[in-house]
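Structure file input.txt; described as compact mmCIF, C-alpha atoms.
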```txt
# COMPACT_ATOMS: atom_id res chain seq x y z
CA MET A 467 -118.44 99.86 -24.51
CA THR A 468 -120.30 103.02 -23.56
CA ALA A 469 -123.71 102.44 -21.98
CA ILE A 470 -126.66 103.19 -24.23
CA SER A 471 -129.39 105.47 -22.96
CA LEU A 472 -132.76 103.87 -23.51
CA GLY A 473 -134.89 106.77 -22.32
CA MET A 474 -137.58 108.22 -24.57
CA PRO A 475 -136.94 111.72 -25.96
CA ALA A 476 -137.72 114.51 -23.51
CA ALA A 477 -140.16 116.07 -25.97
CA PRO A 478 -142.04 114.86 -29.04
CA PRO A 479 -140.22 115.45 -32.33
CA PRO A 480 -140.96 118.80 -33.99
CA VAL A 481 -143.51 119.08 -36.78
CA LEU A 482 -143.91 121.83 -39.36
CA ALA A 483 -147.42 122.82 -38.29
CA PRO A 484 -150.10 121.73 -35.82
CA ARG A 485 -152.90 119.56 -37.19
CA ARG A 486 -155.93 121.36 -38.53
CA ARG A 487 -158.77 120.87 -36.07
CA THR A 488 -161.49 118.55 -37.38
CA ARG A 489 -164.46 116.62 -36.15
CA GLN A 490 -163.64 113.03 -35.19
CA ILE A 491 -165.05 109.91 -36.84
CA GLN A 492 -164.49 106.18 -36.52
CA VAL A 493 -163.57 103.82 -39.31
CA GLY A 494 -164.08 100.63 -37.36
CA LYS A 495 -161.44 100.59 -34.63
CA VAL A 496 -159.41 103.38 -36.28
CA GLY A 497 -160.14 106.94 -35.27
CA VAL A 498 -159.86 109.53 -38.02
CA GLY A 499 -159.51 113.22 -37.33
CA SER A 500 -157.17 115.66 -35.64
CA ASP A 501 -157.30 113.85 -32.28
CA HIS A 502 -155.92 110.68 -33.87
CA PRO A 503 -152.71 109.73 -35.69
CA ILE A 504 -152.79 110.09 -39.46
CA SER A 505 -153.68 106.66 -40.83
CA VAL A 506 -152.34 104.92 -43.93
CA GLN A 507 -154.70 103.22 -46.35
CA SER A 508 -154.38 101.02 -49.41
CA MET A 509 -156.69 99.08 -51.71
CA THR A 510 -156.72 95.44 -52.64
CA THR A 511 -156.08 94.43 -56.25
CA THR A 512 -157.77 91.02 -56.03
CA LEU A 513 -161.27 90.18 -57.16
CA THR A 514 -163.25 90.93 -54.03
CA ALA A 515 -165.48 87.93 -54.70
CA ASP A 516 -162.38 85.74 -54.31
CA VAL A 517 -162.54 85.89 -50.53
CA ASN A 518 -159.42 83.83 -49.80
CA SER A 519 -157.18 85.83 -52.13
CA THR A 520 -158.59 89.11 -50.84
CA LEU A 521 -158.07 88.16 -47.20
CA GLN A 522 -154.55 86.98 -48.00
CA GLN A 523 -153.71 90.34 -49.52
CA ILE A 524 -155.30 92.15 -46.59
CA ALA A 525 -153.11 90.09 -44.25
CA GLU A 526 -150.02 91.16 -46.22
CA LEU A 527 -151.12 94.79 -46.04
CA THR A 528 -151.75 94.49 -42.30
CA ALA A 529 -148.26 93.07 -41.78
CA SER A 530 -146.77 96.00 -43.73
CA GLY A 531 -148.39 98.54 -41.39
CA CYS A 532 -151.58 99.39 -43.28
CA ASP A 533 -154.28 100.83 -40.99
CA ILE A 534 -157.36 100.68 -43.25
CA VAL A 535 -158.04 98.74 -46.44
CA ARG A 536 -160.48 99.46 -49.26
CA VAL A 537 -162.01 96.77 -51.48
CA ALA A 538 -163.82 97.25 -54.78
CA CYS A 539 -167.46 96.27 -55.08
CA PRO A 540 -168.54 96.47 -58.73
CA SER A 541 -170.76 93.35 -58.80
CA GLN A 542 -173.31 91.37 -56.82
CA ASP A 543 -170.75 88.61 -56.22
CA ASP A 544 -168.43 91.18 -54.66
CA ALA A 545 -171.22 92.54 -52.49
CA GLU A 546 -172.01 89.05 -51.22
CA ALA A 547 -168.37 88.53 -50.24
CA LEU A 548 -168.16 91.69 -48.11
CA ALA A 549 -169.56 90.21 -44.90
CA GLU A 550 -166.97 87.45 -44.69
CA ILE A 551 -164.14 89.79 -45.61
CA ALA A 552 -165.19 92.40 -43.05
CA GLN A 553 -165.52 89.73 -40.37
CA HIS A 554 -162.09 88.17 -40.89
CA SER A 555 -159.98 91.22 -41.76
CA GLN A 556 -157.70 92.40 -38.96
CA ILE A 557 -158.02 96.01 -40.08
CA PRO A 558 -161.16 98.02 -40.95
CA VAL A 559 -162.58 97.39 -44.42
CA ILE A 560 -164.02 100.13 -46.63
CA ALA A 561 -166.27 99.14 -49.51
CA ASP A 562 -165.63 101.16 -52.67
CA ILE A 563 -168.93 101.83 -54.46
CA HIS A 564 -169.55 103.27 -57.90
CA PHE A 565 -172.59 103.36 -60.20
CA GLN A 566 -174.91 101.08 -58.21
CA PRO A 567 -176.47 102.61 -55.06
CA LYS A 568 -177.80 99.23 -53.97
CA TYR A 569 -174.23 98.16 -53.14
CA VAL A 570 -173.94 101.04 -50.67
CA PHE A 571 -176.71 99.48 -48.60
CA ALA A 572 -175.28 95.98 -49.11
CA ALA A 573 -171.91 97.11 -47.76
CA ILE A 574 -173.49 98.74 -44.73
CA GLU A 575 -175.53 95.60 -44.01
CA ALA A 576 -172.41 93.45 -44.45
CA GLY A 577 -170.69 95.19 -41.57
CA CYS A 578 -168.05 97.14 -43.47
CA ALA A 579 -166.40 99.76 -41.30
CA ALA A 580 -167.03 102.45 -43.91
CA VAL A 581 -168.30 102.97 -47.43
CA ARG A 582 -166.69 105.17 -50.07
CA VAL A 583 -169.30 106.76 -52.31
CA ASN A 584 -168.58 108.64 -55.51
CA PRO A 585 -171.39 111.17 -55.98
CA GLY A 586 -170.29 111.85 -59.55
CA ASN A 587 -171.18 108.41 -60.88
CA ILE A 588 -173.81 106.89 -58.59
CA ARG A 589 -177.19 107.16 -60.26
CA ALA A 590 -179.58 109.57 -58.58
CA PHE A 591 -177.21 109.72 -55.61
CA ASP A 592 -178.55 112.96 -54.14
CA ASP A 593 -182.07 111.52 -53.96
CA GLN A 594 -180.84 108.62 -51.80
CA VAL A 595 -178.70 110.47 -49.27
CA LYS A 596 -181.47 110.38 -46.67
CA GLU A 597 -181.75 106.58 -46.85
CA ILE A 598 -177.97 106.09 -46.96
CA ALA A 599 -177.49 108.35 -43.93
CA ALA A 600 -180.17 106.52 -41.96
CA ALA A 601 -178.72 103.08 -42.74
CA ALA A 602 -175.17 104.19 -41.95
CA LYS A 603 -176.24 105.75 -38.66
CA ASP A 604 -178.14 102.60 -37.65
CA HIS A 605 -175.07 100.41 -38.26
CA GLY A 606 -172.37 102.78 -37.00
CA THR A 607 -170.86 102.96 -40.48
CA SER A 608 -168.89 106.00 -41.56
CA ILE A 609 -168.84 107.37 -45.09
CA ARG A 610 -166.16 108.78 -47.37
CA ILE A 611 -167.44 111.28 -49.90
CA GLY A 612 -164.91 110.60 -52.64
CA VAL A 613 -164.89 113.27 -55.32
CA ASN A 614 -162.61 112.42 -58.23
CA ALA A 615 -161.53 114.55 -61.17
CA GLY A 616 -162.10 111.66 -63.58
CA SER A 617 -165.74 111.19 -62.60
CA LEU A 618 -166.91 114.66 -61.68
CA ASP A 619 -170.60 115.44 -62.00
CA LYS A 620 -171.36 116.57 -65.57
CA ARG A 621 -173.14 119.66 -64.31
CA LEU A 622 -169.96 120.89 -62.67
CA LEU A 623 -167.85 120.05 -65.72
CA GLU A 624 -170.19 122.20 -67.79
CA LYS A 625 -170.02 125.02 -65.25
CA TYR A 626 -166.23 125.11 -64.84
CA GLY A 627 -165.11 123.64 -68.17
CA LYS A 628 -162.86 121.07 -66.48
CA ALA A 629 -162.06 119.57 -63.07
CA THR A 630 -160.70 122.70 -61.40
CA PRO A 631 -160.01 122.92 -57.66
CA GLU A 632 -163.16 124.98 -57.30
CA ALA A 633 -165.24 122.38 -59.15
CA LEU A 634 -163.96 119.55 -56.95
CA VAL A 635 -164.65 121.53 -53.79
CA GLU A 636 -168.13 122.58 -54.89
CA SER A 637 -169.05 118.94 -55.46
CA ALA A 638 -167.70 117.89 -52.07
CA VAL A 639 -169.32 120.71 -50.11
CA TRP A 640 -172.67 120.10 -51.80
CA GLU A 641 -172.69 116.43 -50.89
CA ALA A 642 -171.48 117.14 -47.35
CA GLY A 643 -174.37 119.55 -46.94
CA LEU A 644 -176.87 116.90 -48.01
CA PHE A 645 -175.62 114.46 -45.38
CA GLU A 646 -175.60 117.15 -42.72
CA GLU A 647 -179.17 118.13 -43.59
CA HIS A 648 -180.12 114.60 -42.52
CA ASP A 649 -178.11 114.93 -39.29
CA PHE A 650 -175.33 112.62 -40.45
CA HIS A 651 -171.83 113.83 -39.65
CA ASP A 652 -169.69 110.68 -39.58
CA PHE A 653 -167.98 111.23 -42.89
CA LYS A 654 -164.65 112.31 -44.32
CA ILE A 655 -164.02 113.84 -47.72
CA SER A 656 -161.48 113.46 -50.52
CA VAL A 657 -161.04 115.62 -53.62
CA LYS A 658 -158.56 113.74 -55.77
CA HIS A 659 -156.83 114.83 -58.95
CA ASN A 660 -153.87 113.43 -60.90
CA ASP A 661 -152.14 116.83 -60.92
CA PRO A 662 -150.53 117.51 -57.51
CA VAL A 663 -150.86 121.29 -57.93
CA ILE A 664 -154.61 121.12 -58.58
CA MET A 665 -155.03 118.50 -55.85
CA VAL A 666 -153.19 120.59 -53.25
CA ARG A 667 -155.20 123.70 -54.05
CA ALA A 668 -158.47 121.77 -53.87
CA TYR A 669 -157.67 120.47 -50.39
CA GLU A 670 -156.56 123.92 -49.22
CA LEU A 671 -159.89 125.37 -50.35
CA LEU A 672 -161.84 122.49 -48.83
CA ALA A 673 -160.04 122.84 -45.48
CA GLU A 674 -161.30 126.43 -45.30
CA ARG A 675 -164.93 125.43 -45.82
CA GLY A 676 -165.56 123.10 -42.89
CA ASP A 677 -164.15 120.90 -40.14
CA TRP A 678 -164.49 117.61 -42.00
CA PRO A 679 -161.66 115.05 -41.70
CA LEU A 680 -159.84 114.86 -45.03
CA HIS A 681 -158.52 111.80 -46.86
CA LEU A 682 -155.55 112.72 -49.06
CA GLY A 683 -154.79 111.12 -52.39
CA VAL A 684 -153.31 111.89 -55.80
CA THR A 685 -155.42 109.77 -58.10
CA GLU A 686 -153.85 107.83 -60.98
CA ALA A 687 -150.44 108.93 -59.70
CA GLY A 688 -148.63 106.51 -62.01
CA PRO A 689 -145.89 103.86 -61.78
CA ALA A 690 -143.94 103.44 -58.55
CA PHE A 691 -141.25 106.10 -59.10
CA GLN A 692 -143.47 108.78 -60.61
CA GLY A 693 -146.36 108.06 -58.24
CA THR A 694 -144.10 108.20 -55.21
CA ILE A 695 -142.72 111.59 -56.22
CA LYS A 696 -146.15 113.05 -57.01
CA SER A 697 -147.70 111.73 -53.79
CA ALA A 698 -144.78 112.79 -51.59
CA THR A 699 -144.84 116.27 -53.13
CA ALA A 700 -148.59 116.75 -52.71
CA PHE A 701 -148.85 115.16 -49.29
CA GLY A 702 -145.81 117.04 -48.04
CA ALA A 703 -147.31 120.37 -49.13
CA LEU A 704 -150.57 119.66 -47.30
CA LEU A 705 -149.33 117.78 -44.24
CA SER A 706 -146.72 120.47 -43.62
CA LYS A 707 -149.69 122.84 -43.13
CA GLY A 708 -151.53 120.41 -40.85
CA ILE A 709 -154.03 119.38 -43.55
CA GLY A 710 -154.81 115.67 -43.85
CA ASP A 711 -156.10 112.96 -41.53
CA THR A 712 -155.70 109.76 -43.53
CA ILE A 713 -153.74 109.06 -46.73
CA ARG A 714 -153.54 106.64 -49.62
CA VAL A 715 -150.60 106.59 -52.01
CA SER A 716 -151.94 105.40 -55.37
CA LEU A 717 -149.28 103.50 -57.32
CA SER A 718 -149.26 101.20 -60.32
CA ALA A 719 -147.46 98.74 -58.06
CA PRO A 720 -148.32 96.10 -55.44
CA PRO A 721 -150.43 97.65 -52.66
CA VAL A 722 -147.82 96.83 -50.01
CA GLU A 723 -145.54 99.31 -51.81
CA GLU A 724 -148.21 101.99 -51.38
CA VAL A 725 -148.19 101.40 -47.64
CA LYS A 726 -144.40 101.55 -47.40
CA VAL A 727 -144.34 104.88 -49.21
CA GLY A 728 -147.18 106.29 -47.13
CA ILE A 729 -145.52 105.31 -43.87
CA GLN A 730 -142.20 106.77 -44.99
CA ILE A 731 -143.85 110.08 -45.92
CA LEU A 732 -145.40 110.35 -42.46
CA GLN A 733 -142.19 109.33 -40.72
CA SER A 734 -140.20 111.89 -42.72
CA LEU A 735 -142.50 114.64 -41.41
CA ASN A 736 -142.40 113.31 -37.81
CA LEU A 737 -146.10 112.48 -38.10
CA ARG A 738 -145.57 108.80 -37.33
CA PRO A 739 -142.99 107.29 -34.94
CA ARG A 740 -139.87 106.34 -36.82
CA LYS A 741 -138.70 102.75 -36.84
CA LEU A 742 -135.59 101.75 -38.74
CA GLU A 743 -134.09 104.73 -40.56
CA ILE A 744 -131.00 104.47 -42.71
CA VAL A 745 -129.07 107.71 -43.12
CA SER A 746 -126.49 107.35 -45.89
CA CYS A 747 -124.48 109.80 -47.95
CA PRO A 748 -125.16 110.15 -51.69
CA SER A 749 -121.51 109.34 -52.41
CA CYS A 750 -119.11 111.67 -54.19
CA GLY A 751 -115.49 111.90 -55.29
CA ARG A 752 -114.42 111.94 -51.65
CA ALA A 753 -115.91 108.52 -50.90
CA GLN A 754 -113.36 105.81 -50.23
CA VAL A 755 -115.84 102.92 -50.01
CA ASP A 756 -118.83 101.71 -52.03
CA VAL A 757 -121.51 103.57 -50.08
CA TYR A 758 -124.34 102.31 -52.29
CA LYS A 759 -123.45 98.69 -51.60
CA LEU A 760 -122.93 99.27 -47.87
CA ALA A 761 -126.29 101.04 -47.46
CA GLU A 762 -128.17 98.38 -49.44
CA GLU A 763 -126.61 95.50 -47.51
CA VAL A 764 -127.26 97.11 -44.13
CA THR A 765 -130.87 97.87 -45.12
CA ALA A 766 -131.40 94.26 -46.23
CA GLY A 767 -129.79 92.90 -43.06
CA LEU A 768 -132.03 94.96 -40.79
CA GLU A 769 -135.26 94.52 -42.75
CA GLY A 770 -138.21 93.90 -40.46
CA MET A 771 -136.67 95.53 -37.39
CA GLU A 772 -139.51 97.10 -35.43
CA VAL A 773 -137.62 99.23 -32.91
CA PRO A 774 -136.85 102.86 -33.80
CA LEU A 775 -133.22 102.76 -34.87
CA ARG A 776 -131.35 105.39 -36.83
CA VAL A 777 -128.35 103.94 -38.60
CA ALA A 778 -125.87 106.17 -40.44
CA VAL A 779 -123.70 104.75 -43.24
CA MET A 780 -121.11 107.30 -44.31
CA GLY A 781 -118.29 107.03 -46.82
CA CYS A 782 -115.86 109.90 -46.33
CA VAL A 783 -113.87 111.77 -43.71
CA VAL A 784 -115.64 115.13 -44.21
CA ASN A 785 -119.19 114.50 -42.96
CA GLY A 786 -118.88 110.86 -41.95
CA PRO A 787 -117.67 111.14 -38.35
CA GLY A 788 -120.18 113.90 -37.50
CA GLU A 789 -123.17 112.08 -38.98
CA ALA A 790 -122.15 108.76 -37.43
CA ARG A 791 -121.70 110.43 -34.04
CA GLU A 792 -125.21 111.94 -34.17
CA ALA A 793 -126.82 108.59 -35.00
CA ASP A 794 -127.73 105.85 -32.56
CA LEU A 795 -125.51 103.58 -34.58
CA GLY A 796 -123.17 104.56 -37.38
CA VAL A 797 -120.06 103.94 -39.39
CA ALA A 798 -117.60 106.43 -40.80
CA SER A 799 -115.71 104.63 -43.55
CA GLY A 800 -112.42 105.29 -45.32
CA ASN A 801 -109.00 103.87 -46.12
CA GLY A 802 -110.30 100.31 -46.14
CA LYS A 803 -111.79 100.42 -42.65
CA GLY A 804 -114.73 101.78 -40.70
CA GLN A 805 -115.12 103.43 -37.32
CA ILE A 806 -118.22 102.09 -35.58
CA PHE A 807 -120.11 104.58 -33.43
CA VAL A 808 -122.77 103.74 -30.82
CA LYS A 809 -124.58 106.74 -29.30
CA GLY A 810 -121.79 109.10 -30.30
CA GLU A 811 -118.83 107.04 -29.10
CA VAL A 812 -116.38 105.03 -31.20
CA ILE A 813 -116.56 101.44 -29.94
CA LYS A 814 -114.28 99.79 -32.49
CA THR A 815 -112.61 100.04 -35.87
CA VAL A 816 -113.11 97.16 -38.29
CA PRO A 817 -111.91 96.27 -41.81
CA GLU A 818 -114.20 97.33 -44.64
CA SER A 819 -115.15 93.69 -45.24
CA GLN A 820 -116.60 93.49 -41.70
CA ILE A 821 -118.56 96.77 -41.61
CA VAL A 822 -121.94 95.32 -42.57
CA GLU A 823 -121.86 92.34 -40.22
CA THR A 824 -120.61 94.55 -37.37
CA LEU A 825 -123.38 97.11 -37.85
CA ILE A 826 -126.04 94.40 -37.95
CA GLU A 827 -124.61 92.77 -34.82
CA GLU A 828 -124.52 96.06 -32.91
CA ALA A 829 -128.04 96.98 -34.11
CA MET A 830 -129.35 93.69 -32.77
CA LYS A 831 -127.70 94.36 -29.40
CA ILE A 832 -129.29 97.79 -29.21
CA ALA A 833 -132.67 96.40 -30.25
CA GLU A 834 -132.53 93.71 -27.59
CA GLY A 835 -131.76 96.32 -24.95
CA MET A 836 -134.62 98.50 -26.14
CA GLU A 837 -137.11 95.65 -26.16
CA ALA A 838 -136.10 94.79 -22.61
CA VAL A 839 -137.28 98.23 -21.47
CA ASP A 840 -141.02 98.38 -22.05
CA GLY A 841 -141.95 101.34 -24.19
CA MET A 842 -138.47 102.85 -24.25
CA ALA A 843 -136.48 102.52 -27.45
CA PRO A 844 -133.91 104.74 -29.16
CA SER A 845 -133.39 105.33 -32.86
CA VAL A 846 -130.45 104.03 -34.91
CA ASN A 847 -128.61 105.89 -37.73
CA VAL A 848 -126.11 104.27 -40.07
CA GLY A 849 -123.91 107.05 -41.32
```

Go ahead and render the structure in this file as structure tokens.
Amino acid sequence: MTAISLGMPAAPPPVLAPRRRTRQIQVGKVGVGSDHPISVQSMTTTLTADVNSTLQQIAELTASGCDIVRVACPSQDDAEALAEIAQHSQIPVIADIHFQPKYVFAAIEAGCAAVRVNPGNIRAFDDQVKEIAAAAKDHGTSIRIGVNAGSLDKRLLEKYGKATPEALVESAVWEAGLFEEHDFHDFKISVKHNDPVIMVRAYELLAERGDWPLHLGVTEAGPAFQGTIKSATAFGALLSKGIGDTIRVSLSAPPVEEVKVGIQILQSLNLRPRKLEIVSCPSCGRAQVDVYKLAEEVTAGLEGMEVPLRVAVMGCVVNGPGEAREADLGVASGNGKGQIFVKGEVIKTVPESQIVETLIEEAMKIAEGMEAVDGMAPSVNVG
């Protein structure tokens, strides 16, 4: 068997554009801004006051790769639960505040890493920015100014007629200016809309107005399939221009699914190190094996693998050998058998019935070799 090179790539993978330069802030232990990796966020769906259930869901999110978690705080019971949640969460906790300004101060006092404030629906918000800024500065708490199309300030809705990109940006810039007037700069901004086109334009305009870190999100994106498409489209348009410092994929689905989608978007743009990547053909009339079944079974068999492996699962003689040869690990299938490639070399040919188990076995061998070399691991493709 040909020896496998375990060296790291000579250069970092290419990206479409350099990151937009921003100021840097901290959300607990996670840095946010152009000097830091783009972080992935999600939000719990439990009642925040149910501390055990909330911490359990946060643990599941942490295990899935979530960097920052947001929890809702609509009631006094929720506010009283924040301290214990913030203390025991393994990732930074952001308190999500609407309507009641007193919960902003409660969240800061509770030790939350950050507080999301919605200027459009917090009563007399502008009049309390000075006090909020002072409390946040005293506790080392960062702020997210979260402008949302569904709760835009009525004055701006009257001015623009609807939640246009310009209306969203005007709200955000106004609130940013208020915090900066009180010498508070540890904040990021979001301008969310359910229409990806309006959302993208709003962020483009906002990026031109200042050096604030930006949190990307398509609000009310919809069920898993629709929401994934809308978020990937909008995030791809912005991230490909270097705009965006932290993201949240909003899905009508379990929050762990949001994290998986967010991570995959970043990995697809080379903005986060790739782990397991399955490269498989879409199948066509040339395919001589059930590519769908092979790809699904290989994916299931390698679930949870942490090392960066690119595995190529291919089903015909046209593109199969080339794709499999380019992958760390691959199979080119046809005529009831499969050629197994490792780092570009054919190591064996096996019957179709043994393709999946052989790929999993070889992937485990590669992973073990990678883990034995500290910090040096290749990628695996199944093609």

task = Go ahead and find all residues with at least one atom no further than 12 Å from (-163.5, 101.4, -48.0) in the file's coordinates, using only C-alpha atoms; report them as a ChimeraX atom specification.
result = /A:493-494,507-510,533-539,548,551-552,557-564,570,573-574,577-584,607-612,653-654,681,714

message = At a cut-off of 10 Å around the point (-110.5, 95.8, -42.2) (file coordinates), what residues fall inside when counting all atoms listed in the file? I'd like the answer as an MDAnalysis selection string.
response = chainID A and resid 801:804 815:821

Using only C-alpha atoms, please write the residues we just selected to a file, as a short mmCIF file (atom, residue, chain, number, x, y, z; two decimals), in the frame of the given file.
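Written file, again-v2.cif:
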```cif
data_model
loop_
_atom_site.label_atom_id
_atom_site.label_comp_id
_atom_site.auth_asym_id
_atom_site.auth_seq_id
_atom_site.Cartn_x
_atom_site.Cartn_y
_atom_site.Cartn_z
CA ASN A 801 -109.00 103.87 -46.12
CA GLY A 802 -110.30 100.31 -46.14
CA LYS A 803 -111.79 100.42 -42.65
CA GLY A 804 -114.73 101.78 -40.70
CA THR A 815 -112.61 100.04 -35.87
CA VAL A 816 -113.11 97.16 -38.29
CA PRO A 817 -111.91 96.27 -41.81
CA GLU A 818 -114.20 97.33 -44.64
CA SER A 819 -115.15 93.69 -45.24
CA GLN A 820 -116.60 93.49 -41.70
CA ILE A 821 -118.56 96.77 -41.61
#
```

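You will find atom CA of His659 of chain A at 19.1 Å from atom CA of Lys707 of chain A.
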
message = Would you pick out the contacts of Thr699 of chain A at 10 Å or less, using only C-alpha atoms, so that residues sharing its chain but fewer than 3 positions from it are not included, and give the list as a list in words?
response = Pro662, Val663, Val666, Val684, Gly693, Thr694, Ile695, Lys696, Gly702, Ala703, Leu704 and Ile731 of chain A

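In this model, the gap between atom CA of Leu634 of chain A and atom CA of Val613 of chain A comes to 6.6 Å.
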
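Between atom CA of Ser637 of chain A and atom CA of Leu705 of chain A the interatomic distance comes to 22.7 Å.
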
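With distances taken over all atoms listed in the file, A:Gly710 is the one residue among A:Pro478, A:Gly710, A:Pro748, A:Gly788 lying closest to Ser505 of chain A.
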
inquiry  = My list of candidates is A:Ala719, A:Met771, A:Ala600, A:Ala790. Which is closest to Cys747 of chain A when distances are computed with only C-alpha atoms?
reply    = A:Ala790

message = Please determine, counting all atoms listed in the file, which residue among A:Thr511, A:Gly606, A:Leu618, A:Leu671 has the shortest atom-to-atom distance to Lys495 of chain A.
response = A:Gly606

key: Within 12 Å of Val779 of chain A using only C-alpha atoms, minus same-chain residues under 2 positions, as a VMD selection string   = chain A and resid 743 to 749 753 755 to 765 776 to 777 781 to 782 785 to 800 804 to 807 821 to 822 825 to 826 846 to 849

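Nearest to Thr512 of chain A of all the residues A:Val635, A:Pro721, A:Ile655, A:Glu641 is A:Pro721, based on all atoms listed in the file.
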
Within 10 Å of Ala547 of chain A using all atoms listed in the file, minus same-chain residues under 6 positions, as a PDB file with C-alpha atoms, in the frame of the given file:
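Dumped to out.pdb:
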```pdb
ATOM      1  CA  THR A 514    -163.250  90.930 -54.030  1.00  0.00           C
ATOM      2  CA  ALA A 515    -165.480  87.930 -54.700  1.00  0.00           C
ATOM      3  CA  ASP A 516    -162.380  85.740 -54.310  1.00  0.00           C
ATOM      4  CA  VAL A 517    -162.540  85.890 -50.530  1.00  0.00           C
ATOM      5  CA  THR A 520    -158.590  89.110 -50.840  1.00  0.00           C
ATOM      6  CA  CYS A 539    -167.460  96.270 -55.080  1.00  0.00           C
ATOM      7  CA  ALA A 573    -171.910  97.110 -47.760  1.00  0.00           C
ATOM      8  CA  ALA A 576    -172.410  93.450 -44.450  1.00  0.00           C
TER       9      ALA A 576
END
```

inquiry  = Let me make sure I understand: among A:Lys568, A:Lys726, A:His554, A:Lys814, which one has the smallest atom-to-atom distance to Gln542 of chain A if we use all atoms listed in the file?
reply    = A:Lys568

Output segment 709-721 of chain A with N, CA, C and O atoms present, as a PDB file, in the frame of the given file.
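Result written to out.pdb:
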```
ATOM      1  N   ILE A 709    -152.838 119.839 -42.829  1.00  0.00           N
ATOM      2  CA  ILE A 709    -154.030 119.380 -43.550  1.00  0.00           C
ATOM      3  C   ILE A 709    -153.881 117.914 -43.920  1.00  0.00           C
ATOM      4  O   ILE A 709    -152.911 117.539 -44.588  1.00  0.00           O
ATOM      5  N   GLY A 710    -154.830 117.087 -43.509  1.00  0.00           N
ATOM      6  CA  GLY A 710    -154.810 115.670 -43.850  1.00  0.00           C
ATOM      7  C   GLY A 710    -154.917 114.798 -42.631  1.00  0.00           C
ATOM      8  O   GLY A 710    -154.204 115.000 -41.646  1.00  0.00           O
ATOM      9  N   ASP A 711    -155.837 113.819 -42.688  1.00  0.00           N
ATOM     10  CA  ASP A 711    -156.100 112.960 -41.530  1.00  0.00           C
ATOM     11  C   ASP A 711    -155.934 111.486 -41.834  1.00  0.00           C
ATOM     12  O   ASP A 711    -155.799 110.674 -40.924  1.00  0.00           O
ATOM     13  N   THR A 712    -155.957 111.130 -43.107  1.00  0.00           N
ATOM     14  CA  THR A 712    -155.700 109.760 -43.530  1.00  0.00           C
ATOM     15  C   THR A 712    -155.233 109.840 -44.984  1.00  0.00           C
ATOM     16  O   THR A 712    -155.628 110.758 -45.710  1.00  0.00           O
ATOM     17  N   ILE A 713    -154.348 108.935 -45.405  1.00  0.00           N
ATOM     18  CA  ILE A 713    -153.740 109.060 -46.730  1.00  0.00           C
ATOM     19  C   ILE A 713    -153.755 107.720 -47.455  1.00  0.00           C
ATOM     20  O   ILE A 713    -153.736 106.670 -46.839  1.00  0.00           O
ATOM     21  N   ARG A 714    -153.754 107.815 -48.782  1.00  0.00           N
ATOM     22  CA  ARG A 714    -153.540 106.640 -49.620  1.00  0.00           C
ATOM     23  C   ARG A 714    -152.629 107.028 -50.779  1.00  0.00           C
ATOM     24  O   ARG A 714    -152.948 107.943 -51.551  1.00  0.00           O
ATOM     25  N   VAL A 715    -151.505 106.385 -50.888  1.00  0.00           N
ATOM     26  CA  VAL A 715    -150.600 106.590 -52.010  1.00  0.00           C
ATOM     27  C   VAL A 715    -151.042 105.650 -53.124  1.00  0.00           C
ATOM     28  O   VAL A 715    -151.017 104.437 -52.971  1.00  0.00           O
ATOM     29  N   SER A 716    -151.456 106.213 -54.251  1.00  0.00           N
ATOM     30  CA  SER A 716    -151.940 105.400 -55.370  1.00  0.00           C
ATOM     31  C   SER A 716    -150.784 105.128 -56.334  1.00  0.00           C
ATOM     32  O   SER A 716    -150.262 106.062 -56.959  1.00  0.00           O
ATOM     33  N   LEU A 717    -150.377 103.868 -56.439  1.00  0.00           N
ATOM     34  CA  LEU A 717    -149.280 103.500 -57.320  1.00  0.00           C
ATOM     35  C   LEU A 717    -149.693 102.367 -58.249  1.00  0.00           C
ATOM     36  O   LEU A 717    -150.490 101.505 -57.866  1.00  0.00           O
ATOM     37  N   SER A 718    -149.131 102.362 -59.441  1.00  0.00           N
ATOM     38  CA  SER A 718    -149.260 101.200 -60.320  1.00  0.00           C
ATOM     39  C   SER A 718    -148.192 100.203 -59.879  1.00  0.00           C
ATOM     40  O   SER A 718    -147.177  99.982 -60.558  1.00  0.00           O
ATOM     41  N   ALA A 719    -148.423  99.632 -58.712  1.00  0.00           N
ATOM     42  CA  ALA A 719    -147.460  98.740 -58.060  1.00  0.00           C
ATOM     43  C   ALA A 719    -148.230  97.935 -57.014  1.00  0.00           C
ATOM     44  O   ALA A 719    -149.383  98.251 -56.702  1.00  0.00           O
ATOM     45  N   PRO A 720    -147.641  96.866 -56.479  1.00  0.00           N
ATOM     46  CA  PRO A 720    -148.320  96.100 -55.440  1.00  0.00           C
ATOM     47  C   PRO A 720    -148.745  96.992 -54.289  1.00  0.00           C
ATOM     48  O   PRO A 720    -148.023  97.919 -53.897  1.00  0.00           O
ATOM     49  N   PRO A 721    -149.922  96.759 -53.711  1.00  0.00           N
ATOM     50  CA  PRO A 721    -150.430  97.650 -52.660  1.00  0.00           C
ATOM     51  C   PRO A 721    -149.523  97.764 -51.447  1.00  0.00           C
ATOM     52  O   PRO A 721    -149.510  98.811 -50.791  1.00  0.00           O
TER      53      PRO A 721
END
```
